[in-house]
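Source file: coords.csv; contents: CSV, C-alpha atoms and all ligand atoms.
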```csv
chain,number,residue,atom,x,y,z
A,6,MET,CA,-59.9,12.6,36.3
A,7,SER,CA,-59.6,15.8,34.2
A,8,GLN,CA,-57.8,17.2,37.2
A,9,ASP,CA,-55.3,14.3,37.0
A,10,LEU,CA,-54.9,14.9,33.2
A,11,ASN,CA,-54.2,18.6,33.9
A,12,HIS,CA,-51.6,17.8,36.5
A,13,TRP,CA,-49.8,15.2,34.2
A,14,GLN,CA,-50.0,17.7,31.3
A,15,GLN,CA,-48.1,20.2,33.4
A,16,GLN,CA,-45.5,17.5,34.4
A,17,ILE,CA,-45.0,16.5,30.8
A,18,ALA,CA,-44.6,20.1,29.7
A,19,ALA,CA,-42.0,20.7,32.5
A,20,CYS,CA,-39.7,17.9,31.3
A,21,GLN,CA,-36.3,19.2,30.2
A,22,SER,CA,-34.8,16.1,28.7
A,23,LEU,CA,-35.7,12.9,26.9
A,24,LYS,CA,-34.4,11.0,30.0
A,25,GLN,CA,-36.8,12.9,32.3
A,26,LEU,CA,-39.7,12.4,29.9
A,27,ASP,CA,-39.0,8.7,29.7
A,28,ASP,CA,-38.9,8.4,33.5
A,29,LEU,CA,-42.3,10.2,33.6
A,30,ARG,CA,-43.7,7.8,30.9
A,31,VAL,CA,-42.7,4.8,33.0
A,32,HIS,CA,-44.2,6.4,36.0
A,33,LEU,CA,-47.6,7.0,34.3
A,34,ILE,CA,-48.1,4.2,31.7
A,35,GLY,CA,-45.3,1.7,32.5
A,36,LYS,CA,-46.0,-1.8,33.8
A,37,THR,CA,-46.4,-0.5,37.3
A,38,GLY,CA,-47.4,3.0,36.4
A,39,VAL,CA,-50.2,5.1,37.8
A,40,ILE,CA,-52.6,4.8,34.9
A,41,THR,CA,-51.8,1.1,34.5
A,42,GLY,CA,-52.7,0.7,38.2
A,43,LEU,CA,-56.1,2.4,37.5
A,44,LEU,CA,-56.8,-0.1,34.7
A,45,LYS,CA,-55.8,-3.0,37.0
A,46,GLY,CA,-58.3,-1.7,39.6
A,47,LEU,CA,-61.2,-2.1,37.2
A,48,GLY,CA,-61.3,-5.8,38.0
A,49,ALA,CA,-62.9,-5.1,41.4
A,50,LEU,CA,-65.8,-3.1,39.8
A,51,SER,CA,-69.2,-4.3,38.6
A,52,PHE,CA,-69.7,-4.9,34.8
A,53,GLU,CA,-71.5,-1.6,34.3
A,54,GLU,CA,-69.0,0.5,36.3
A,55,ARG,CA,-66.1,-1.3,34.6
A,56,ARG,CA,-67.4,-0.4,31.2
A,57,GLU,CA,-67.9,3.3,32.0
A,58,LYS,CA,-64.7,3.7,34.1
A,59,GLY,CA,-62.7,1.6,31.7
A,60,ALA,CA,-63.6,3.8,28.7
A,61,GLU,CA,-62.7,6.9,30.7
A,62,ILE,CA,-59.3,5.5,31.9
A,63,ASN,CA,-58.4,4.3,28.4
A,64,GLN,CA,-59.2,7.8,27.0
A,65,LEU,CA,-57.0,9.3,29.7
A,66,LYS,CA,-54.2,6.9,28.8
A,67,ASP,CA,-54.6,7.8,25.1
A,68,SER,CA,-54.4,11.5,25.9
A,69,VAL,CA,-51.3,11.0,28.1
A,70,GLN,CA,-49.7,9.0,25.4
A,71,ALA,CA,-50.4,11.6,22.8
A,72,LEU,CA,-49.0,14.4,25.0
A,73,LEU,CA,-45.9,12.3,25.7
A,74,GLU,CA,-45.4,11.8,21.9
A,75,VAL,CA,-45.7,15.5,21.1
A,76,LYS,CA,-43.3,16.4,23.9
A,77,LYS,CA,-40.8,13.7,22.7
A,78,THR,CA,-40.7,15.2,19.2
A,79,ASP,CA,-40.1,18.6,20.7
A,80,LEU,CA,-37.3,17.4,22.9
A,81,VAL,CA,-35.6,15.5,20.1
A,82,GLU,CA,-35.6,18.6,18.0
A,83,PHE,CA,-34.5,20.7,20.9
A,84,GLU,CA,-31.6,18.4,21.8
A,85,LEU,CA,-30.5,18.3,18.1
A,86,GLN,CA,-30.5,22.1,18.0
A,87,GLN,CA,-28.4,22.2,21.2
A,88,ARG,CA,-25.9,19.8,19.7
A,89,LEU,CA,-25.6,21.6,16.5
A,90,LYS,CA,-25.0,24.8,18.4
A,91,HIS,CA,-22.2,23.3,20.5
A,92,GLU,CA,-20.6,21.1,17.8
A,93,SER,CA,-20.4,23.6,15.1
A,94,VAL,CA,-17.1,23.9,13.4
A,95,ASP,CA,-15.2,27.2,13.7
A,96,VAL,CA,-13.8,27.6,10.2
A,97,THR,CA,-11.8,30.6,11.3
A,98,LEU,CA,-9.5,28.5,13.6
A,99,SER,CA,-6.0,28.1,12.4
A,100,PRO,CA,-5.1,24.5,11.4
A,101,ARG,CA,-3.8,22.1,14.0
A,102,PRO,CA,-0.4,20.5,13.2
A,103,GLU,CA,-1.1,17.2,11.6
A,104,HIS,CA,1.0,14.1,11.6
A,105,LEU,CA,2.4,14.0,8.1
A,106,GLY,CA,3.0,10.8,6.2
A,107,THR,CA,6.4,10.1,4.6
A,108,ILE,CA,7.5,8.7,1.2
A,109,HIS,CA,8.6,5.1,1.7
A,110,PRO,CA,12.3,4.4,0.9
A,111,VAL,CA,11.4,2.0,-1.8
A,112,SER,CA,9.2,4.5,-3.6
A,113,ARG,CA,11.8,7.2,-3.1
A,114,THR,CA,14.6,5.0,-4.5
A,115,ILE,CA,12.6,4.0,-7.6
A,116,ASP,CA,11.8,7.7,-8.2
A,117,GLU,CA,15.4,8.7,-7.9
A,118,ILE,CA,16.6,6.0,-10.3
A,119,VAL,CA,13.8,6.8,-12.8
A,120,ALA,CA,14.5,10.5,-12.6
A,121,TYR,CA,18.2,10.0,-13.3
A,122,PHE,CA,17.6,7.7,-16.3
A,123,SER,CA,14.8,9.8,-17.7
A,124,GLN,CA,17.4,12.5,-18.5
A,125,PHE,CA,18.7,10.1,-21.1
A,126,GLY,CA,15.4,9.2,-22.7
A,127,PHE,CA,14.5,6.1,-20.7
A,128,THR,CA,10.8,5.6,-20.1
A,129,VAL,CA,9.0,3.5,-17.6
A,130,ALA,CA,7.6,0.1,-18.7
A,131,THR,CA,5.5,-2.3,-16.6
A,132,GLY,CA,4.4,-5.9,-16.7
A,133,PRO,CA,2.2,-8.2,-14.7
A,134,ASP,CA,3.2,-9.6,-11.3
A,135,ILE,CA,1.6,-12.9,-12.3
A,136,GLU,CA,3.6,-14.2,-15.2
A,137,ASP,CA,3.8,-17.3,-17.4
A,138,GLU,CA,6.9,-19.5,-18.0
A,139,GLU,CA,7.2,-18.1,-21.5
A,140,HIS,CA,8.0,-14.5,-20.4
A,141,ASN,CA,9.7,-15.3,-17.0
A,142,PHE,CA,12.0,-18.0,-18.3
A,143,ASN,CA,11.7,-19.4,-21.9
A,144,ALA,CA,12.0,-16.2,-23.9
A,145,LEU,CA,14.8,-15.1,-21.6
A,146,ASN,CA,16.8,-18.1,-22.7
A,147,ILE,CA,16.5,-19.7,-19.3
A,148,PRO,CA,16.6,-23.4,-20.0
A,149,ALA,CA,14.1,-26.0,-18.5
A,150,HIS,CA,16.7,-27.4,-16.1
A,151,HIS,CA,17.8,-24.0,-14.7
A,152,PRO,CA,17.7,-24.0,-10.9
A,153,ALA,CA,15.7,-20.8,-10.7
A,154,ARG,CA,12.8,-22.7,-12.3
A,155,GLN,CA,12.5,-25.1,-9.4
A,156,SER,CA,9.6,-24.7,-7.0
A,157,HIS,CA,11.9,-24.0,-4.0
A,158,ASP,CA,12.8,-20.7,-5.7
A,159,THR,CA,9.7,-19.8,-7.6
A,160,PHE,CA,6.2,-19.4,-6.4
A,161,TYR,CA,4.1,-21.4,-8.8
A,162,LEU,CA,0.3,-20.8,-8.9
A,163,PRO,CA,-2.3,-23.6,-9.2
A,164,ASN,CA,-2.3,-24.8,-12.8
A,165,GLN,CA,-5.3,-23.5,-14.7
A,166,ASP,CA,-6.4,-25.2,-18.0
A,167,GLY,CA,-2.9,-26.5,-18.4
A,168,ILE,CA,-1.3,-23.1,-18.3
A,169,VAL,CA,1.5,-22.7,-15.7
A,170,LYS,CA,1.4,-19.3,-14.0
A,171,LEU,CA,3.9,-18.0,-11.4
A,172,LEU,CA,4.8,-14.9,-9.5
A,173,ARG,CA,7.6,-13.2,-11.5
A,174,THR,CA,11.0,-13.9,-10.0
A,175,HIS,CA,12.5,-10.9,-11.6
A,176,THR,CA,11.6,-7.8,-13.7
A,177,SER,CA,13.4,-9.2,-16.7
A,178,PRO,CA,10.1,-10.5,-18.3
A,179,VAL,CA,9.2,-6.8,-18.9
A,180,GLN,CA,12.2,-6.8,-21.4
A,181,ILE,CA,10.4,-9.5,-23.4
A,182,ARG,CA,7.0,-7.8,-23.3
A,183,THR,CA,8.5,-4.5,-24.3
A,184,MET,CA,10.6,-5.8,-27.1
A,185,LYS,CA,7.7,-7.7,-28.6
A,186,ASN,CA,5.2,-4.8,-28.3
A,187,GLU,CA,7.1,-1.6,-28.8
A,188,SER,CA,9.0,-0.3,-31.8
A,189,LEU,CA,12.8,0.1,-31.9
A,190,PRO,CA,15.0,1.8,-30.7
A,191,LEU,CA,14.2,1.3,-27.0
A,192,ARG,CA,15.3,2.7,-23.7
A,193,ILE,CA,13.3,1.5,-20.8
A,194,LEU,CA,13.3,1.1,-17.0
A,195,ALA,CA,11.0,-1.4,-15.4
A,196,PRO,CA,10.6,-1.0,-11.7
A,197,GLY,CA,8.3,-3.4,-9.8
A,198,ARG,CA,7.6,-6.2,-7.3
A,199,THR,CA,9.3,-9.5,-7.7
A,200,TYR,CA,8.8,-12.8,-5.7
A,201,ARG,CA,11.1,-15.6,-4.5
A,202,CYS,CA,10.8,-18.3,-1.8
A,203,ASP,CA,13.4,-16.7,0.5
A,204,HIS,CA,13.3,-15.2,4.0
A,205,ASP,CA,16.1,-13.9,6.2
A,206,ALA,CA,17.7,-10.5,7.2
A,207,THR,CA,18.6,-9.7,3.6
A,208,HIS,CA,15.8,-11.5,1.7
A,209,THR,CA,12.0,-11.3,1.8
A,210,PRO,CA,9.6,-13.3,-0.3
A,211,MET,CA,8.5,-10.1,-2.0
A,212,PHE,CA,11.0,-7.4,-3.0
A,213,HIS,CA,11.5,-4.9,-5.7
A,214,GLN,CA,13.8,-4.8,-8.7
A,215,ILE,CA,14.5,-2.2,-11.4
A,216,GLU,CA,15.4,-3.4,-14.8
A,217,GLY,CA,17.0,-1.4,-17.5
A,218,LEU,CA,17.1,-2.1,-21.2
A,219,VAL,CA,18.6,-0.3,-24.2
A,220,ILE,CA,18.1,-1.7,-27.8
A,221,GLU,CA,19.6,0.4,-30.5
A,222,LYS,CA,21.9,0.1,-33.5
A,223,ASN,CA,25.6,-0.1,-32.8
A,224,ILE,CA,25.4,-0.5,-29.0
A,225,HIS,CA,28.3,-2.1,-27.3
A,226,MET,CA,29.8,-2.9,-23.9
A,227,GLY,CA,31.3,0.5,-23.7
A,228,HIS,CA,27.9,2.1,-23.6
A,229,LEU,CA,26.8,-0.3,-20.9
A,230,LYS,CA,29.8,0.5,-18.7
A,231,SER,CA,29.7,4.3,-19.0
A,232,CYS,CA,26.0,4.3,-18.5
A,233,LEU,CA,26.2,2.3,-15.2
A,234,ILE,CA,29.4,3.9,-13.9
A,235,ASP,CA,27.8,7.4,-14.3
A,236,PHE,CA,24.6,6.2,-12.7
A,237,CYS,CA,26.3,4.6,-9.6
A,238,ARG,CA,28.5,7.7,-9.0
A,239,HIS,CA,25.4,9.9,-9.2
A,240,PHE,CA,23.2,7.6,-7.1
A,241,PHE,CA,25.7,7.1,-4.3
A,242,GLU,CA,26.8,10.7,-4.6
A,243,VAL,CA,30.5,9.8,-4.8
A,244,ASP,CA,32.3,11.4,-7.7
A,245,LYS,CA,35.2,9.1,-7.9
A,246,LEU,CA,33.4,6.0,-6.7
A,247,PRO,CA,35.6,3.0,-7.6
A,248,VAL,CA,33.8,0.4,-9.8
A,249,ARG,CA,34.6,-2.9,-11.4
A,250,PHE,CA,32.8,-5.3,-13.7
A,251,ARG,CA,33.3,-9.0,-12.9
A,252,PRO,CA,32.6,-11.6,-15.6
A,253,SER,CA,29.4,-13.5,-14.6
A,254,PHE,CA,26.7,-15.6,-16.2
A,255,PHE,CA,23.0,-14.8,-16.9
A,256,PRO,CA,21.2,-16.9,-19.5
A,257,PHE,CA,19.7,-13.7,-21.1
A,258,THR,CA,23.0,-11.8,-21.6
A,259,GLU,CA,26.2,-12.5,-23.4
A,260,PRO,CA,28.7,-11.4,-22.2
A,261,SER,CA,27.3,-11.0,-18.6
A,262,ALA,CA,28.9,-9.1,-15.8
A,263,GLU,CA,28.3,-8.2,-12.2
A,264,MET,CA,29.1,-4.6,-11.2
A,265,ASP,CA,30.8,-3.9,-7.9
A,266,ILE,CA,31.4,-0.6,-6.1
A,267,GLY,CA,34.2,0.2,-3.8
A,268,CYS,CA,33.5,0.2,-0.1
A,269,ASP,CA,35.1,0.0,3.4
A,270,ARG,CA,33.7,-2.6,5.9
A,271,SER,CA,36.7,-2.4,8.2
A,272,ASN,CA,35.1,-1.1,11.4
A,273,GLY,CA,31.8,-2.8,11.4
A,274,THR,CA,30.0,-0.2,9.3
A,275,MET,CA,29.8,0.1,5.5
A,276,LYS,CA,31.3,3.2,3.9
A,277,ILE,CA,30.7,3.5,0.2
A,278,GLY,CA,33.5,4.9,-2.0
A,279,GLU,CA,36.2,4.4,0.6
A,280,GLY,CA,38.6,1.5,1.6
A,281,ARG,CA,39.6,-1.6,-0.3
A,282,ASP,CA,36.5,-3.8,-0.3
A,283,TRP,CA,34.0,-4.5,-3.1
A,284,LEU,CA,30.3,-4.8,-2.9
A,285,GLU,CA,28.1,-6.3,-5.6
A,286,ILE,CA,25.5,-3.9,-6.8
A,287,LEU,CA,23.8,-5.1,-10.0
A,288,GLY,CA,23.8,-7.7,-12.8
A,289,CYS,CA,24.2,-6.6,-16.4
A,290,GLY,CA,25.3,-7.6,-19.9
A,291,MET,CA,24.7,-7.4,-23.6
A,292,VAL,CA,21.3,-8.8,-24.5
A,293,HIS,CA,21.8,-12.4,-25.7
A,294,PRO,CA,21.1,-12.9,-29.5
A,295,ASN,CA,18.6,-15.7,-28.6
A,296,VAL,CA,16.6,-13.3,-26.6
A,297,LEU,CA,16.5,-10.8,-29.4
A,298,LYS,CA,15.5,-13.6,-31.8
A,299,ASN,CA,12.7,-14.7,-29.4
A,300,CYS,CA,11.3,-11.2,-29.7
A,301,GLY,CA,11.6,-11.0,-33.5
A,302,ILE,CA,14.6,-8.7,-33.5
A,303,ASP,CA,17.5,-9.2,-36.0
A,304,SER,CA,20.6,-9.3,-33.8
A,305,ASP,CA,22.8,-8.3,-36.8
A,306,VAL,CA,21.0,-5.0,-37.0
A,307,TYR,CA,20.1,-4.2,-33.3
A,308,GLN,CA,22.0,-4.8,-30.1
A,309,GLY,CA,21.5,-3.8,-26.6
A,310,PHE,CA,22.4,-4.0,-23.0
A,311,ALA,CA,20.4,-4.7,-19.9
A,312,PHE,CA,20.8,-4.5,-16.2
A,313,GLY,CA,18.9,-5.4,-13.1
A,314,MET,CA,19.2,-4.4,-9.5
A,315,GLY,CA,17.5,-4.9,-6.2
A,316,VAL,CA,15.7,-1.7,-5.1
A,317,GLU,CA,15.7,-2.5,-1.3
A,318,ARG,CA,19.4,-3.5,-1.6
A,319,VAL,CA,20.5,-0.1,-3.0
A,320,ALA,CA,18.2,1.8,-0.7
A,321,MET,CA,19.7,-0.1,2.3
A,322,LEU,CA,23.2,0.8,1.2
A,323,LYS,CA,22.5,4.4,0.4
A,324,TYR,CA,20.4,5.2,3.5
A,325,GLY,CA,22.1,2.8,6.0
A,326,ILE,CA,19.0,0.6,6.6
A,327,PRO,CA,20.2,-2.6,8.3
A,328,ASP,CA,17.3,-5.1,8.0
A,329,ILE,CA,15.2,-5.6,4.8
A,330,ARG,CA,12.2,-7.1,6.8
A,331,LEU,CA,11.4,-3.7,8.4
A,332,PHE,CA,10.6,-2.3,4.9
A,333,TYR,CA,7.2,-4.0,5.1
A,334,GLU,CA,6.2,-3.8,8.7
A,335,SER,CA,4.4,-0.5,8.4
A,336,ASP,CA,5.9,0.6,11.7
A,337,THR,CA,5.3,4.4,11.7
A,338,ARG,CA,8.4,5.0,13.9
A,339,TRP,CA,10.5,3.3,11.2
A,340,LEU,CA,8.7,5.2,8.4
A,341,SER,CA,9.1,8.5,10.1
A,342,HIS,CA,12.8,7.8,10.6
A,343,TYR,CA,13.7,6.4,7.1
A,344,GLY,CA,10.8,7.9,5.1
A,345,PHE,CA,11.1,11.1,3.1
A,346,SER,CA,9.1,14.3,3.4
A,347,PRO,CA,6.9,14.8,0.4
A,348,PHE,CA,7.6,18.6,0.5
A,349,THR,CA,11.3,18.9,1.2
A,350,GLY,CA,12.4,15.5,-0.1
A,351,SER,CA,14.7,14.9,2.9
B,1,LIG,N1,17.2,-10.8,-13.6
B,1,LIG,C1,18.4,-10.9,-12.8
B,1,LIG,C2,18.1,-11.4,-11.4
B,1,LIG,O1,17.0,-11.3,-11.0
B,1,LIG,C3,19.1,-9.6,-12.8
B,1,LIG,C4,19.7,-9.2,-14.1
B,1,LIG,C5,20.9,-9.5,-14.4
B,1,LIG,C6,18.9,-8.4,-15.0
B,1,LIG,C7,21.5,-9.2,-15.6
B,1,LIG,C8,19.4,-8.0,-16.2
B,1,LIG,C9,20.7,-8.4,-16.5
B,1,LIG,O2,18.7,-7.3,-17.1
B,1,LIG,O3,21.2,-8.0,-17.7
B,1,LIG,O4,19.0,-11.8,-10.7
```
Mind turning this structure into C-alpha cells?
Amino acid sequence: MSQDLNHWQQQIAACQSLKQLDDLRVHLIGKTGVITGLLKGLGALSFEERREKGAEINQLKDSVQALLEVKKTDLVEFELQQRLKHESVDVTLSPRPEHLGTIHPVSRTIDEIVAYFSQFGFTVATGPDIEDEEHNFNALNIPAHHPARQSHDTFYLPNQDGIVKLLRTHTSPVQIRTMKNESLPLRILAPGRTYRCDHDATHTPMFHQIEGLVIEKNIHMGHLKSCLIDFCRHFFEVDKLPVRFRPSFFPFTEPSAEMDIGCDRSNGTMKIGEGRDWLEILGCGMVHPNVLKNCGIDSDVYQGFAFGMGVERVAMLKYGIPDIRLFYESDTRWLSHYGFSPFTGS
C-alpha cells in the first residue's frame, strides 16, 4: 500500500495542468477509480479483515485527496502567474487608431445657433418636457378650442389627481417660465425636445425646436427683422440671402409672421440663396400683450419679440439631409457621414 501511495504521489507531482490533475483524480478516486475499486473489494472479506483493510484504504484515500488538493492549489497559482505574464499590458506601445464618435447634427446645429446669438447677450433657458396646459397653451393665449390642443396633435399623459399633463408641443412654454421667473430685460434661447403625433419623411413624433425671446423697453418689429435676417444670412453662410416676412397667425404673437428664405428647387435639388423660390424657415412675431399680462409684465412698459424654428428642419437644409427619420436611427454609417468631428468641427 505505501508503495502505491509513493507511486501516486509521484504521478500527482508530475501533473502539469489542472486538466491532467483532474484526469488523475478521476482515475484514482472517481466512481470507477482505482481506490474506489479497492473499497468496493472489501465486501468479499471477513468482518475482521474488512475493518483492518477498510481503515487502511480510507487512510490512503485521505492522503491521496490531500495530495490532490495541495497540487491543485499550486497549479491554480501557477496558471494564474502564467496568464499574468502573457496578458500583461505593454504601456509603451503606441496607441491603436480608435473609431471616433461624431457630434450629432442636432447637437451641432443647436450649438451653432446658441453660439451665434450668445454674441448678442442671449442666454440659454430650459423647461420640462412634461408640461401642463397652463404653460403649453393657456398662458400662451392659445384658446381652449385651438386645434393644437386636440389629442390627435398632442400627446396627453394619464390624468393624475385632476391635473392634465402633456408632452410639450413646442418650446414656447419656456417663454412663460422665463418671463415669470427672471427679471427684465430678457434675451433667451430655449433649445429642446418637442413632441407631436406626427410621422412621415419630414415629421417625427419627437423633434427639436429652438425658441428665441427678447423682452426689453422700446422693442419693435424692426429689431425682430434685423435680428433674424442677420442670423439667417450667417447660419446659411449666404451674405445676400433673400428673405421675406409673410403675415401669419400665432396666438402668442401680434403681429405674427413667417420668415422665408430664397432658394432654387428647379433641378430636383435645393439650393439656398439662389433662384426664385421661397422656403419657410421659422415663425416669429411681437409678443402678444395678453402673454405679457399672463406673466405679470406691463405691456405699456415692456415689449418683445419671439421666434421659433425646427432644429432638424434647418439642419436638413443646411447640411443636405433628406430624411428626418434617420436622425434617430443611431446608424453609425449615417452618423459618420453627417456627424461632425469633435476636434476639427467639420
Ligand atoms: N411655437 C410655434 C410652433 O411650434 C413656433 C413659433 C412661432 C414660436 C412664432 C414663436 C413665435 O416664438 O413667435 O409652431
(request) Find the spatial neighbours of Tyr307 of chain A, counting only C-alpha atoms, within a cut-off of 9 Å - ignore same-chain residues fewer than 3 positions away - and output them as an MDAnalysis selection string. (result) chainID A and resid 189:190 220:224 297 302:304
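If you count only C-alpha atoms and ignore residues fewer than 2 places along the chain from Asp27 of chain A, what sits within 12 Å of it is Gln16, Ile17, Cys20, Gln21, Ser22, Leu23, Lys24, Gln25, Leu29, Arg30, Val31, His32, Leu33, Ile34, Gly35, Gln70, Leu73, Glu74, Lys76, Lys77 and Leu80 of chain A.
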(message) Residues contacting ligand LIG 1 (chain B) - anything with an atom at most 6 Å away, using only C-alpha atoms and all ligand atoms - can you give me those as a PyMOL selection string?
(response) chain A and resi 175+177+216+255+258+288-290+311-313
(request) Find the residues near Val119 of chain A: any atom within 12 Å, counting all atoms listed in the file, skip ones fewer than 4 places away on the same chain, and give them as JSON, numbers by chain. (result) {"A": [112, 113, 114, 115, 123, 124, 125, 126, 127, 128, 129, 130, 192, 193, 194, 195, 196, 197, 215, 216, 217, 236, 240, 316]}
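The space between atom CA of Gly301 of chain A and atom CA of Lys185 of chain A spans 7.1 Å.
Straight-line separation from atom CA of Asp137 of chain A to atom CA of Arg173 of chain A: 8.1 Å.
Candidate residues A:Val306, A:Pro247, A:Pro256, A:Ala153 were compared for distance to Gly280 of chain A, and the nearest is A:Pro247, using all atoms listed in the file.
The list of residues with at least one atom within 9 Å of Met264 of chain A, based on all atoms listed in the file and without residues fewer than 2 positions apart in the same chain, reads Leu233, Ile234, Val248, Arg249, Phe250, Arg251, Pro252, Ala262, Ile266, Leu284, Glu285, Ile286, Leu287, Gly288 and Cys289 of chain A.
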Local residues around (11.9, -18.9, -20.4), at most 12 Å away, using only C-alpha atoms, as a PDB file with C-alpha atoms, in the coordinates of the input:
```pdb
ATOM      1  CA  GLU A 136       3.600 -14.200 -15.200  1.00  0.00           C
ATOM      2  CA  ASP A 137       3.800 -17.300 -17.400  1.00  0.00           C
ATOM      3  CA  GLU A 138       6.900 -19.500 -18.000  1.00  0.00           C
ATOM      4  CA  GLU A 139       7.200 -18.100 -21.500  1.00  0.00           C
ATOM      5  CA  HIS A 140       8.000 -14.500 -20.400  1.00  0.00           C
ATOM      6  CA  ASN A 141       9.700 -15.300 -17.000  1.00  0.00           C
ATOM      7  CA  PHE A 142      12.000 -18.000 -18.300  1.00  0.00           C
ATOM      8  CA  ASN A 143      11.700 -19.400 -21.900  1.00  0.00           C
ATOM      9  CA  ALA A 144      12.000 -16.200 -23.900  1.00  0.00           C
ATOM     10  CA  LEU A 145      14.800 -15.100 -21.600  1.00  0.00           C
ATOM     11  CA  ASN A 146      16.800 -18.100 -22.700  1.00  0.00           C
ATOM     12  CA  ILE A 147      16.500 -19.700 -19.300  1.00  0.00           C
ATOM     13  CA  PRO A 148      16.600 -23.400 -20.000  1.00  0.00           C
ATOM     14  CA  ALA A 149      14.100 -26.000 -18.500  1.00  0.00           C
ATOM     15  CA  HIS A 150      16.700 -27.400 -16.100  1.00  0.00           C
ATOM     16  CA  HIS A 151      17.800 -24.000 -14.700  1.00  0.00           C
ATOM     17  CA  ALA A 153      15.700 -20.800 -10.700  1.00  0.00           C
ATOM     18  CA  ARG A 154      12.800 -22.700 -12.300  1.00  0.00           C
ATOM     19  CA  ARG A 173       7.600 -13.200 -11.500  1.00  0.00           C
ATOM     20  CA  THR A 174      11.000 -13.900 -10.000  1.00  0.00           C
ATOM     21  CA  HIS A 175      12.500 -10.900 -11.600  1.00  0.00           C
ATOM     22  CA  SER A 177      13.400  -9.200 -16.700  1.00  0.00           C
ATOM     23  CA  PRO A 178      10.100 -10.500 -18.300  1.00  0.00           C
ATOM     24  CA  ILE A 181      10.400  -9.500 -23.400  1.00  0.00           C
ATOM     25  CA  PRO A 256      21.200 -16.900 -19.500  1.00  0.00           C
ATOM     26  CA  PHE A 257      19.700 -13.700 -21.100  1.00  0.00           C
ATOM     27  CA  ASN A 295      18.600 -15.700 -28.600  1.00  0.00           C
ATOM     28  CA  VAL A 296      16.600 -13.300 -26.600  1.00  0.00           C
ATOM     29  CA  ASN A 299      12.700 -14.700 -29.400  1.00  0.00           C
TER      30      ASN A 299
END
```
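For the pair atom CA of Ser68 of chain A and atom CA of Gln86 of chain A, the interatomic distance is 27.3 Å.
Each of A:Asn63, A:Ser253, A:Thr199, A:Thr209 was compared to Met291 of chain A using all atoms listed in the file, and A:Ser253 turns out to be the nearest.
Ranking A:Phe160, A:Phe122, A:Tyr324, A:Phe348 by their shortest atom-to-atom distance to Asp235 of chain A, with all atoms listed in the file included, puts A:Phe122 first.
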(request) Taking (34.2, 9.3, -3.7) in the file's own coordinates, collect the residues within 10 Å, counting only C-alpha atoms, and hand them back as a PyMOL selection string. (result) chain A and resi 238+241-247+267-268+277-279
Could the residues in this selection be written to a file with C-alpha atoms, as a CSV table (one decimal), in the frame of the given file?
```csv
chain,number,residue,atom,x,y,z
A,238,ARG,CA,28.5,7.7,-9.0
A,241,PHE,CA,25.7,7.1,-4.3
A,242,GLU,CA,26.8,10.7,-4.6
A,243,VAL,CA,30.5,9.8,-4.8
A,244,ASP,CA,32.3,11.4,-7.7
A,245,LYS,CA,35.2,9.1,-7.9
A,246,LEU,CA,33.4,6.0,-6.7
A,247,PRO,CA,35.6,3.0,-7.6
A,267,GLY,CA,34.2,0.2,-3.8
A,268,CYS,CA,33.5,0.2,-0.1
A,277,ILE,CA,30.7,3.5,0.2
A,278,GLY,CA,33.5,4.9,-2.0
A,279,GLU,CA,36.2,4.4,0.6
```
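If you measure from each of A:Thr274, A:Leu340, A:Tyr200, A:Val94 to His157 of chain A using all atoms listed in the file, the closest one turns out to be A:Tyr200.
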(message) From the options A:Leu50, A:Ile329, A:Met314, A:Gln308, which residue's atoms come nearest to His228 of chain A, counting all atoms listed in the file?
(response) A:Gln308
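Compared by their closest atoms to Asp158 of chain A, and using all atoms listed in the file, the residues A:Arg318, A:His204, A:Lys36, A:His342 rank with A:His204 nearest.
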Residue contacts of Gln14 of chain A (8 Å, only C-alpha atoms) excluding same-chain residues fewer than 3 positions away, as an mmCIF file with C-alpha atoms, in the coordinates of the input:
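Dumped to out35.cif:
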```cif
data_model
loop_
_atom_site.group_PDB
_atom_site.id
_atom_site.type_symbol
_atom_site.label_atom_id
_atom_site.label_comp_id
_atom_site.auth_asym_id
_atom_site.auth_seq_id
_atom_site.Cartn_x
_atom_site.Cartn_y
_atom_site.Cartn_z
ATOM 1 C CA LEU A 10 -54.900 14.900 33.200
ATOM 2 C CA ASN A 11 -54.200 18.600 33.900
ATOM 3 C CA ILE A 17 -45.000 16.500 30.800
ATOM 4 C CA ALA A 18 -44.600 20.100 29.700
ATOM 5 C CA VAL A 69 -51.300 11.000 28.100
ATOM 6 C CA LEU A 72 -49.000 14.400 25.000
#
```
Please, can segment 116-123 of chain A be completed to N, CA and C atoms and returned as a short mmCIF file (atom, residue, chain, number, x, y, z; two decimals), keeping the file's coordinate frame?
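As a result, rebuild-v8.cif now contains:
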```
data_model
loop_
_atom_site.label_atom_id
_atom_site.label_comp_id
_atom_site.auth_asym_id
_atom_site.auth_seq_id
_atom_site.Cartn_x
_atom_site.Cartn_y
_atom_site.Cartn_z
N ASP A 116 11.91 6.37 -7.56
CA ASP A 116 11.80 7.70 -8.20
C ASP A 116 13.13 8.31 -8.52
N GLU A 117 14.09 8.14 -7.62
CA GLU A 117 15.40 8.70 -7.90
C GLU A 117 16.05 8.09 -9.12
N ILE A 118 15.93 6.75 -9.20
CA ILE A 118 16.60 6.00 -10.30
C ILE A 118 15.87 6.42 -11.65
N VAL A 119 14.53 6.45 -11.59
CA VAL A 119 13.80 6.80 -12.80
C VAL A 119 14.11 8.23 -13.23
N ALA A 120 14.19 9.14 -12.25
CA ALA A 120 14.50 10.50 -12.60
C ALA A 120 15.86 10.65 -13.24
N TYR A 121 16.83 9.89 -12.71
CA TYR A 121 18.20 10.00 -13.30
C TYR A 121 18.15 9.48 -14.74
N PHE A 122 17.59 8.29 -14.98
CA PHE A 122 17.60 7.70 -16.30
C PHE A 122 16.73 8.46 -17.31
N SER A 123 15.70 9.11 -16.79
CA SER A 123 14.80 9.80 -17.70
C SER A 123 15.50 10.94 -18.44
#
```
